[in-house]
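Working notes for the structure below.
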Amino acid sequence: MAAVRKYFMAPDPGRVRLRVSLRAVLGIALAVALAEMLGLSLVASITAGLAALLALFTVADPTVRRQAVTTALLPTVGFPVLALATLLHDVPLARDAAWLLVVFAGVYARRWGPRGHALGIFAFMQFFVTQFLHALPAQLPELYAAVALALLVVGAVRFGAWCIERRVPPPTAPAPLPGSGLARATTRQAVQATAACAIALAAGQMISHERWYWAVGTAWWIFVNTASRGETLVRGFRRVLGTVAGIAAGLLIAVPLGGAAGPTALLVAVCVFGIFYTAPLSYSWMMFFVTVMAGLLYGLLGVLHPGLLLLRFQETAVGAIGAAIGVALLPVTTHAATNAWIERAVTCVHTCTTAAARRLAGDPAADPARHAQELELLLGRVRLSLAPLVHPLSPLRARKARARRVLALLDDCAREIRGLTVVAADPDASHDARLAAAAWRVEAAVRALVPQARPAGAVAAEADGVPQHHPGAETALGHLHGLEQALVDLAAPLRTSPRAPLVPAA
């Protein structure tokens, strides 16, 4: 029960997660209802619902306009993949090769940011849905109609009736780690994911000639939003954990229902809400709801039985093993990925501090709030990257203590930045000569950690001719001193051997 409270009672500023989750239920329910009203088959109705879910879940561009364009582009990848998957349904070798090509292209497309990421996932999942529903070429026109209908409904709900993003614009996601060729994260992951899916495909077909695609789906989704070997392995563990819990719930809920339409539809809506509400917080809980929803859909299709849920677990385990093997190819170590994200976060702290100091000096164009939002996203990537080290099952005690110390100090930096941003937004606060000196000390601490960080020399010059003391600057000074101390303390865990015992801070 404590775990349930942790995730379902977690802070939700502006109730954004709640609104997004309720909107998802509304959009998907309307898409399915319209498909049923138009007389489409059950397979087409389920296709419409899944297309609506994917459009709402994966499209995450930084502006509403770009989100609308990405949503409109989904059929450009979805329709060809649907045609390919249905036409090759009875040609196993060609079908398998085509899916692996879709896997590679889908991961490779992530280099083009949120739009490439969304299009890649949508293409992969159209192939998956075709296998899940055993769709045939004769059903292709109906499936096209279902997907088009779903995307029209999603567009009307998301960009018309309930445009949450217009009031609360989502911050831009951090760009992938830089590189070229096989050093580029997206290229490396494309190779890894394709190898993992190939292994999962072969092993999954050895277990079942009908439900092998679950193994491929597992291997694919484990690679989504991961950047290192440790992240991928932890994600695989969490996926298996969530699947096992979902199977247990399916035995208690989905099997006894036996596909009864009314109760099943209601529980699917609950699962949709749970997927969207828990996704930002817990991958295991999200997978729990995905697994329960899959069991309910199998019930609607009339093929659900306890043995099928056991097979679901076996295929998930095989997919996770395939991902573990695939990530061994061209691996990105947790240490390398973590250091890169930490350096970007520390550099962003410097940018935030500079912008806040310039704003307090009277520059209205300086906007620390925007950089503070970017910092929160970067810290999220740092937490994800450090997750393997702070995991309860990690045997590396020294590295676990070091990782926890780094997270605590970065959280201190984020708290001070939030406070500094609030002060800078106050029109009554003004610059004080002491702010320049404090900002320079913060810069020195940043450059000690990240030597390539850009200097902020303009701040000191702006101190000339301003009052030596100002009451409105006291709070800002406190935040700058706190930042300086946190950055200085970061040197110990970041600049010493990761295997050496960590000396407690004084």
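Ligands are numbered from 1 in the order shown, chains are lettered A, B, ... in the order of the structure tokens, and residues start at 1 in each chain.
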
Could you name the residues that touch Arg111 of chain A at 7 Å or less, counting only C-alpha atoms, but leaving out those on the same chain fewer than 3 positions away, as a JSON list (two decimals) with C-alpha atoms, in the first residue's frame?
```json
[["chain", "number", "residue", "atom", "x", "y", "z"],
["A", 108, "TYR", "CA", 17.68, 5.68, -35.67],
["A", 116, "GLY", "CA", 11.51, 11.34, -34.92],
["A", 186, "THR", "CA", 20.92, 6.95, -31.53]]
```

All residues 12 Å or closer to Leu304 of chain A, only C-alpha atoms, same chain fewer than 6 positions away omitted, as a list in words: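 That gives Ile247, Gly250, Leu251, Ile253, Ala254, Val255, Pro256, Leu257, Gly258, Gly259, Ala260, Val292, Met293, Ala294, Gly295, Leu296, Leu297, Tyr298, Leu310, Leu311 and Arg312 of chain A.
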
Give me a file of those residues, with C-alpha atoms, as an mmCIF file, in the first residue's frame.
```cif
data_model
loop_
_atom_site.group_PDB
_atom_site.id
_atom_site.type_symbol
_atom_site.label_atom_id
_atom_site.label_comp_id
_atom_site.auth_asym_id
_atom_site.auth_seq_id
_atom_site.Cartn_x
_atom_site.Cartn_y
_atom_site.Cartn_z
ATOM 1 C CA ILE A 247 -0.382 -11.095 -14.915
ATOM 2 C CA GLY A 250 -5.153 -10.415 -14.894
ATOM 3 C CA LEU A 251 -5.764 -13.845 -13.395
ATOM 4 C CA ILE A 253 -9.732 -9.697 -12.973
ATOM 5 C CA ALA A 254 -9.539 -10.358 -16.707
ATOM 6 C CA VAL A 255 -9.984 -14.155 -16.724
ATOM 7 C CA PRO A 256 -13.168 -14.184 -14.572
ATOM 8 C CA LEU A 257 -14.717 -11.430 -16.724
ATOM 9 C CA GLY A 258 -14.506 -13.642 -19.790
ATOM 10 C CA GLY A 259 -14.651 -10.703 -22.207
ATOM 11 C CA ALA A 260 -17.898 -9.154 -20.938
ATOM 12 C CA VAL A 292 -3.754 -5.846 -17.353
ATOM 13 C CA MET A 293 -5.103 -3.946 -20.378
ATOM 14 C CA ALA A 294 -3.602 -6.532 -22.749
ATOM 15 C CA GLY A 295 -5.322 -9.307 -20.816
ATOM 16 C CA LEU A 296 -8.637 -7.472 -21.017
ATOM 17 C CA LEU A 297 -8.245 -7.001 -24.791
ATOM 18 C CA TYR A 298 -7.483 -10.686 -25.206
ATOM 19 C CA LEU A 310 1.830 -17.530 -18.477
ATOM 20 C CA LEU A 311 2.993 -17.351 -22.079
ATOM 21 C CA ARG A 312 2.949 -13.558 -21.801
#
```

Produce a table with one row for each residue of segment 288-358 of chain A that has an atom at most 7 Å from any atom of segment 379-393 of chain A, each row naming the nearest atom pair and its distance in Å at one decimal; use only C-alpha atoms; arrange rows by chain and rising residue number; format as CSV.
```
residue,atom,partner,partner_atom,distance
A:Thr334,CA,A:Ser385,CA,6.6
A:Ala337,CA,A:Ser385,CA,6.9
A:Thr338,CA,A:Ser385,CA,5.5
A:Trp341,CA,A:Val382,CA,5.7
A:Ile342,CA,A:Val382,CA,6.2
A:Ala345,CA,A:Leu379,CA,6.5
```

Go ahead and write the selection's residues with N, CA and C atoms as a PDB file, in the first residue's frame.
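Final output, saved to out-v2.pdb:
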```
ATOM      1  N   THR A 334      27.445   3.007 -17.819  1.00  0.00           N
ATOM      2  CA  THR A 334      26.665   3.902 -16.958  1.00  0.00           C
ATOM      3  C   THR A 334      27.509   5.088 -16.519  1.00  0.00           C
ATOM      4  N   ALA A 337      27.835   7.694 -19.477  1.00  0.00           N
ATOM      5  CA  ALA A 337      26.580   8.410 -19.727  1.00  0.00           C
ATOM      6  C   ALA A 337      26.243   9.344 -18.569  1.00  0.00           C
ATOM      7  N   THR A 338      26.456   8.868 -17.345  1.00  0.00           N
ATOM      8  CA  THR A 338      26.126   9.685 -16.174  1.00  0.00           C
ATOM      9  C   THR A 338      26.974  10.944 -16.123  1.00  0.00           C
ATOM     10  N   TRP A 341      25.670  13.549 -18.600  1.00  0.00           N
ATOM     11  CA  TRP A 341      24.444  14.235 -18.170  1.00  0.00           C
ATOM     12  C   TRP A 341      24.698  15.168 -16.983  1.00  0.00           C
ATOM     13  N   ILE A 342      25.594  14.760 -16.063  1.00  0.00           N
ATOM     14  CA  ILE A 342      25.896  15.612 -14.912  1.00  0.00           C
ATOM     15  C   ILE A 342      26.584  16.890 -15.387  1.00  0.00           C
ATOM     16  N   ALA A 345      24.013  19.159 -16.694  1.00  0.00           N
ATOM     17  CA  ALA A 345      23.206  19.739 -15.620  1.00  0.00           C
ATOM     18  C   ALA A 345      23.965  20.861 -14.912  1.00  0.00           C
TER      19      ALA A 345
END
```

All alpha helix (DSSP H) positions in segment 273-443 of chain A, as number ranges by chain: A: 273-278, 283-300, 306-326, 334-360, 368-390, 397-425, 433-443

Coordinates-based distance that separates atom CA of Arg495 of chain A from atom CA of Val450 of chain A (Å, one decimal):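 A separation of 10.9 Å between them.
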
All residues 9 Å or closer to Ala85 of chain A, only C-alpha atoms, same chain fewer than 6 positions away omitted, as an MDAnalysis selection string: chainID A and resid 95 98:99 126:128 130:131 135:137

Computed interatomic separation between atom CA of Leu329 of chain A and atom CA of Gln192 of chain A (Å): 6.0 Å

Who sits within 12 Å of Ala317 of chain A, only C-alpha atoms, same chain under 4 positions skipped, as a list in words: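 Answer for this query is Ala200, Ala203, Gly204, Ile207, Trp212, Trp214, Ala215, Val216, Gly217, Thr218, Ala219, Ile222, Gly236, Phe237, Arg238, Arg239, Val240, Leu241, Gly242, Thr243, Val244, Leu310, Leu311, Arg312, Phe313, Ile321, Gly322, Ala323 and Ala324 of chain A.
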
Written file, previous selection with N, CA and C atoms, as a PDB file, in the first residue's frame:
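Writing done, so here's result-v7.pdb:
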```pdb
ATOM      1  N   ALA A 200      15.224 -11.701 -29.538  1.00  0.00           N
ATOM      2  CA  ALA A 200      13.895 -11.913 -28.943  1.00  0.00           C
ATOM      3  C   ALA A 200      12.954 -12.580 -29.931  1.00  0.00           C
ATOM      4  N   ALA A 203      13.990 -16.357 -30.246  1.00  0.00           N
ATOM      5  CA  ALA A 203      13.658 -17.102 -29.028  1.00  0.00           C
ATOM      6  C   ALA A 203      12.155 -17.137 -28.785  1.00  0.00           C
ATOM      7  N   GLY A 204      11.481 -16.007 -29.076  1.00  0.00           N
ATOM      8  CA  GLY A 204      10.034 -15.962 -28.888  1.00  0.00           C
ATOM      9  C   GLY A 204       9.302 -16.954 -29.764  1.00  0.00           C
ATOM     10  N   ILE A 207       9.289 -20.423 -28.405  1.00  0.00           N
ATOM     11  CA  ILE A 207       8.314 -20.639 -27.327  1.00  0.00           C
ATOM     12  C   ILE A 207       6.902 -20.742 -27.886  1.00  0.00           C
ATOM     13  N   TRP A 212       4.763 -14.843 -30.362  1.00  0.00           N
ATOM     14  CA  TRP A 212       6.176 -14.509 -30.295  1.00  0.00           C
ATOM     15  C   TRP A 212       6.431 -13.006 -30.275  1.00  0.00           C
ATOM     16  N   TRP A 214       5.309 -10.676 -28.530  1.00  0.00           N
ATOM     17  CA  TRP A 214       5.454 -10.033 -27.219  1.00  0.00           C
ATOM     18  C   TRP A 214       6.928  -9.899 -26.832  1.00  0.00           C
ATOM     19  N   ALA A 215       7.728 -10.892 -27.199  1.00  0.00           N
ATOM     20  CA  ALA A 215       9.167 -10.823 -26.895  1.00  0.00           C
ATOM     21  C   ALA A 215       9.816  -9.659 -27.632  1.00  0.00           C
ATOM     22  N   VAL A 216       9.441  -9.475 -28.902  1.00  0.00           N
ATOM     23  CA  VAL A 216       9.998  -8.366 -29.686  1.00  0.00           C
ATOM     24  C   VAL A 216       9.558  -7.023 -29.098  1.00  0.00           C
ATOM     25  N   GLY A 217       8.273  -6.935 -28.729  1.00  0.00           N
ATOM     26  CA  GLY A 217       7.770  -5.701 -28.121  1.00  0.00           C
ATOM     27  C   GLY A 217       8.483  -5.366 -26.829  1.00  0.00           C
ATOM     28  N   THR A 218       8.762  -6.385 -26.018  1.00  0.00           N
ATOM     29  CA  THR A 218       9.483  -6.157 -24.762  1.00  0.00           C
ATOM     30  C   THR A 218      10.879  -5.611 -25.020  1.00  0.00           C
ATOM     31  N   ALA A 219      11.615  -6.268 -25.932  1.00  0.00           N
ATOM     32  CA  ALA A 219      12.975  -5.821 -26.231  1.00  0.00           C
ATOM     33  C   ALA A 219      12.973  -4.381 -26.749  1.00  0.00           C
ATOM     34  N   ILE A 222      12.165  -1.690 -23.927  1.00  0.00           N
ATOM     35  CA  ILE A 222      13.224  -1.546 -22.926  1.00  0.00           C
ATOM     36  C   ILE A 222      14.258  -0.518 -23.382  1.00  0.00           C
ATOM     37  N   GLY A 236      14.759  -3.282 -17.987  1.00  0.00           N
ATOM     38  CA  GLY A 236      14.317  -4.652 -18.234  1.00  0.00           C
ATOM     39  C   GLY A 236      13.804  -5.310 -16.972  1.00  0.00           C
ATOM     40  N   PHE A 237      14.502  -5.110 -15.873  1.00  0.00           N
ATOM     41  CA  PHE A 237      14.051  -5.671 -14.596  1.00  0.00           C
ATOM     42  C   PHE A 237      12.686  -5.108 -14.204  1.00  0.00           C
ATOM     43  N   ARG A 238      12.525  -3.803 -14.362  1.00  0.00           N
ATOM     44  CA  ARG A 238      11.258  -3.179 -13.980  1.00  0.00           C
ATOM     45  C   ARG A 238      10.118  -3.620 -14.887  1.00  0.00           C
ATOM     46  N   ARG A 239      10.429  -3.877 -16.156  1.00  0.00           N
ATOM     47  CA  ARG A 239       9.385  -4.342 -17.068  1.00  0.00           C
ATOM     48  C   ARG A 239       8.905  -5.729 -16.655  1.00  0.00           C
ATOM     49  N   VAL A 240       9.845  -6.615 -16.345  1.00  0.00           N
ATOM     50  CA  VAL A 240       9.455  -7.962 -15.909  1.00  0.00           C
ATOM     51  C   VAL A 240       8.657  -7.884 -14.611  1.00  0.00           C
ATOM     52  N   LEU A 241       9.095  -7.033 -13.679  1.00  0.00           N
ATOM     53  CA  LEU A 241       8.389  -6.885 -12.413  1.00  0.00           C
ATOM     54  C   LEU A 241       6.951  -6.408 -12.630  1.00  0.00           C
ATOM     55  N   GLY A 242       6.788  -5.372 -13.458  1.00  0.00           N
ATOM     56  CA  GLY A 242       5.441  -4.872 -13.731  1.00  0.00           C
ATOM     57  C   GLY A 242       4.581  -5.884 -14.458  1.00  0.00           C
ATOM     58  N   THR A 243       5.190  -6.663 -15.354  1.00  0.00           N
ATOM     59  CA  THR A 243       4.442  -7.676 -16.101  1.00  0.00           C
ATOM     60  C   THR A 243       3.958  -8.784 -15.176  1.00  0.00           C
ATOM     61  N   VAL A 244       4.831  -9.237 -14.277  1.00  0.00           N
ATOM     62  CA  VAL A 244       4.438 -10.294 -13.333  1.00  0.00           C
ATOM     63  C   VAL A 244       3.259  -9.833 -12.480  1.00  0.00           C
ATOM     64  N   LEU A 310       0.519 -16.931 -18.754  1.00  0.00           N
ATOM     65  CA  LEU A 310       1.830 -17.530 -18.477  1.00  0.00           C
ATOM     66  C   LEU A 310       2.750 -17.355 -19.677  1.00  0.00           C
ATOM     67  N   LEU A 311       2.212 -17.552 -20.864  1.00  0.00           N
ATOM     68  CA  LEU A 311       2.993 -17.351 -22.079  1.00  0.00           C
ATOM     69  C   LEU A 311       3.452 -15.899 -22.199  1.00  0.00           C
ATOM     70  N   ARG A 312       2.600 -14.990 -21.796  1.00  0.00           N
ATOM     71  CA  ARG A 312       2.949 -13.558 -21.801  1.00  0.00           C
ATOM     72  C   ARG A 312       4.175 -13.313 -20.938  1.00  0.00           C
ATOM     73  N   PHE A 313       4.227 -13.944 -19.776  1.00  0.00           N
ATOM     74  CA  PHE A 313       5.389 -13.800 -18.901  1.00  0.00           C
ATOM     75  C   PHE A 313       6.638 -14.383 -19.549  1.00  0.00           C
ATOM     76  N   ILE A 321      15.778 -10.708 -21.742  1.00  0.00           N
ATOM     77  CA  ILE A 321      17.089 -11.340 -21.926  1.00  0.00           C
ATOM     78  C   ILE A 321      17.708 -10.890 -23.250  1.00  0.00           C
ATOM     79  N   GLY A 322      16.861 -10.827 -24.288  1.00  0.00           N
ATOM     80  CA  GLY A 322      17.357 -10.339 -25.577  1.00  0.00           C
ATOM     81  C   GLY A 322      17.896  -8.928 -25.477  1.00  0.00           C
ATOM     82  N   ALA A 323      17.210  -8.063 -24.725  1.00  0.00           N
ATOM     83  CA  ALA A 323      17.682  -6.687 -24.534  1.00  0.00           C
ATOM     84  C   ALA A 323      19.009  -6.666 -23.780  1.00  0.00           C
ATOM     85  N   ALA A 324      19.146  -7.546 -22.770  1.00  0.00           N
ATOM     86  CA  ALA A 324      20.389  -7.603 -22.000  1.00  0.00           C
ATOM     87  C   ALA A 324      21.556  -8.025 -22.878  1.00  0.00           C
TER      88      ALA A 324
END
```

Shell around Ala146 of chain A at 7 Å using only C-alpha atoms, local window under 3 positions removed, as a list in words: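 So the residues in contact are Ala35, Ala44, Ser45, Thr47, Ala48, Glu142, Leu143, Leu149 and Ala150 of chain A.
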
Separation of atom CA of Glu474 of chain A from atom CA of Arg344 of chain A, in Å and rounded to one decimal: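 Separation of atom CA of Glu474 of chain A and atom CA of Arg344 of chain A: 28.3 Å.
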
Contacts of Gln67 of chain A at 12 Å (only C-alpha atoms; same-chain gap of 6+ positions) as number ranges by chain: A: 55-61, 73-74, 114-116, 118-119, 154-155, 158-159, 163, 165-166, 169-170

Just C-alpha atoms for this one: save the residues we selected as a tab-separated table (two decimals), in the first residue's frame.
```tsv
chain	number	residue	atom	x	y	z
A	55	ALA	CA	-0.73	9.43	-30.52
A	56	LEU	CA	-1.50	10.83	-27.08
A	57	PHE	CA	1.37	9.03	-25.37
A	58	THR	CA	4.28	9.49	-27.77
A	59	VAL	CA	3.81	12.96	-29.32
A	60	ALA	CA	5.79	15.30	-27.07
A	61	ASP	CA	7.02	18.22	-29.15
A	73	LEU	CA	2.47	12.93	-39.89
A	74	LEU	CA	1.82	9.69	-38.01
A	114	PRO	CA	10.72	14.33	-30.29
A	115	ARG	CA	9.17	14.08	-33.76
A	116	GLY	CA	11.51	11.34	-34.92
A	118	ALA	CA	7.20	9.62	-31.93
A	119	LEU	CA	7.20	8.55	-35.58
A	154	VAL	CA	-7.18	12.81	-30.90
A	155	GLY	CA	-6.50	16.05	-32.77
A	158	ARG	CA	-5.91	17.44	-27.75
A	159	PHE	CA	-5.69	20.60	-29.82
A	163	CYS	CA	-5.51	21.77	-25.03
A	165	GLU	CA	-0.31	22.39	-23.42
A	166	ARG	CA	-1.54	25.82	-24.51
A	169	PRO	CA	3.75	24.65	-22.44
A	170	PRO	CA	5.90	21.54	-21.95
```

Proximity to Asp96 of chain A - best of A:Thr316, A:Thr353, A:Thr347, A:Thr194, only C-alpha atoms: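 Distance minimum relative to Asp96 of chain A lands on A:Thr194.
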